[in-house]
file structure.pdb (PDB, C-alpha atoms)
MODEL        1
ATOM      1  CA  MET A 303      77.061 107.326  96.384  1.00  0.00           C
ATOM      2  CA  THR A 304      75.036 107.172  99.526  1.00  0.00           C
ATOM      3  CA  ARG A 305      75.522 108.632 102.986  1.00  0.00           C
ATOM      4  CA  ARG A 306      78.809 107.673 104.671  1.00  0.00           C
ATOM      5  CA  GLN A 307      80.453 106.566 101.422  1.00  0.00           C
ATOM      6  CA  GLY A 308      83.494 108.128  99.848  1.00  0.00           C
ATOM      7  CA  PHE A 309      85.736 107.798  96.870  1.00  0.00           C
ATOM      8  CA  LEU A 310      89.430 107.830  96.223  1.00  0.00           C
ATOM      9  CA  TYR A 311      91.099 108.948  93.022  1.00  0.00           C
ATOM     10  CA  GLY A 312      94.667 107.919  92.318  1.00  0.00           C
ATOM     11  CA  PRO A 313      97.263 110.504  91.297  1.00  0.00           C
ATOM     12  CA  GLY A 314      96.615 112.055  87.891  1.00  0.00           C
ATOM     13  CA  LEU A 315      93.207 110.423  87.326  1.00  0.00           C
ATOM     14  CA  ARG A 316      90.528 112.558  85.680  1.00  0.00           C
ATOM     15  CA  GLN A 317      87.676 113.483  88.028  1.00  0.00           C
ATOM     16  CA  ASN A 318      84.072 114.271  87.118  1.00  0.00           C
ATOM     17  CA  TYR A 319      81.170 114.289  89.570  1.00  0.00           C
ATOM     18  CA  GLU A 320      78.232 116.387  90.726  1.00  0.00           C
ATOM     19  CA  SER A 321      75.868 116.411  93.657  1.00  0.00           C
ATOM     20  CA  ASP A 322      72.066 116.290  93.681  1.00  0.00           C
ATOM     21  CA  SER A 323      70.594 119.826  93.548  1.00  0.00           C
ATOM     22  CA  TYR A 324      67.797 118.873  96.000  1.00  0.00           C
ATOM     23  CA  GLU A 325      70.026 116.999  98.460  1.00  0.00           C
ATOM     24  CA  PRO A 326      73.526 118.449  98.033  1.00  0.00           C
ATOM     25  CA  TRP A 327      76.529 116.721  99.535  1.00  0.00           C
ATOM     26  CA  ASN A 328      78.471 117.890 102.536  1.00  0.00           C
ATOM     27  CA  ASN A 329      81.983 117.406 101.122  1.00  0.00           C
ATOM     28  CA  ARG A 330      85.313 116.793 102.796  1.00  0.00           C
ATOM     29  CA  TRP A 331      88.506 116.730 100.729  1.00  0.00           C
ATOM     30  CA  VAL A 332      91.745 115.019 101.646  1.00  0.00           C
ATOM     31  CA  HIS A 333      94.787 115.080  99.374  1.00  0.00           C
ATOM     32  CA  PHE A 334      97.877 113.099 100.157  1.00  0.00           C
ATOM     33  CA  PHE A 335     101.078 112.121  98.431  1.00  0.00           C
ATOM     34  CA  GLY A 336     103.985 109.992  99.432  1.00  0.00           C
ATOM     35  CA  VAL A 337     106.518 107.351  98.723  1.00  0.00           C
ATOM     36  CA  ARG A 338     105.090 103.810  98.555  1.00  0.00           C
ATOM     37  CA  LEU A 339     101.521 105.124  98.406  1.00  0.00           C
ATOM     38  CA  GLU A 340     100.407 102.169  96.273  1.00  0.00           C
ATOM     39  CA  GLU A 341     101.795  99.782  98.882  1.00  0.00           C
ATOM     40  CA  LEU A 342      99.941 101.617 101.666  1.00  0.00           C
ATOM     41  CA  LEU A 343      96.660 101.357  99.743  1.00  0.00           C
ATOM     42  CA  ASN A 344      97.378  97.790  98.691  1.00  0.00           C
ATOM     43  CA  GLY A 345      97.095  98.830  95.026  1.00  0.00           C
ATOM     44  CA  ILE A 346      93.472  99.949  95.415  1.00  0.00           C
ATOM     45  CA  GLY A 347      92.550 103.345  93.999  1.00  0.00           C
ATOM     46  CA  ILE A 348      95.771 103.934  92.127  1.00  0.00           C
ATOM     47  CA  GLY A 349      94.683 103.218  88.540  1.00  0.00           C
ATOM     48  CA  TYR A 350      90.943 103.866  88.827  1.00  0.00           C
ATOM     49  CA  PRO A 351      88.439 105.533  91.192  1.00  0.00           C
ATOM     50  CA  TRP A 352      87.604 103.446  94.242  1.00  0.00           C
ATOM     51  CA  LEU A 353      84.297 103.727  96.137  1.00  0.00           C
ATOM     52  CA  PHE A 354      84.336 102.882  99.839  1.00  0.00           C
ATOM     53  CA  GLY A 355      81.879 103.043 102.703  1.00  0.00           C
TER      54      GLY A 355
ENDMDL
END
call {"tool": "encode", "arguments": {"input": "structure.pdb", "output": "structure tokens"}}
result
Amino acid sequence: MTRRQGFLYGPGLRQNYESDSYEPWNNRWVHFFGVRLEELLNGIGIGYPWLFG
């Protein structure tokens, strides 16, 4: 990942990541749940991690 990128993990997906020890990330976390979530996201990010930026 580079500056101004993010990632989305679908519900129940395993997560594993780490930041650079010399240039650590400034993290923001958002968790959300809901009915018709897959429809809202157009199917993206539900079955696998999705990188955006």
call {"tool": "residues_around", "arguments": {"input": "structure.pdb", "residues": "A:Phe309", "least_positions_apart": "3", "cutoff": "10 Å", "atoms": "only C-alpha atoms", "output": "ChimeraX atom specification"}}
result
/A:303,347,351-355
call {"tool": "axis_aligned_box", "arguments": {"input": "structure.pdb", "around": "stretch 326-331 of chain A", "padding_each_side": "3 Å", "output": "AutoDock Vina command-line options"}}
result
--center_x 81.0 --center_y 117.6 --center_z 100.4 --size_x 21.0 --size_y 7.7 --size_z 10.8
call {"tool": "atom_distance", "arguments": {"input": "structure.pdb", "atom1": "atom CA of A:Leu343", "atom2": "atom CA of A:Trp327"}}
result
25.3 Å
call {"tool": "atom_distance", "arguments": {"input": "structure.pdb", "atom1": "atom CA of A:Gln317", "atom2": "atom CA of A:Glu340"}}
result
18.9 Å
call {"tool": "residues_around", "arguments": {"input": "structure.pdb", "residues": "A:Leu339", "least_positions_apart": "6", "cutoff": "12 Å", "atoms": "all atoms listed in the file", "output": "NGL selection string"}}
result
:A and (312-313 or 345-348)
call {"tool": "atom_distance", "arguments": {"input": "structure.pdb", "atom1": "atom CA of A:Arg338", "atom2": "atom CA of A:Gln307"}}
result
25.0 Å
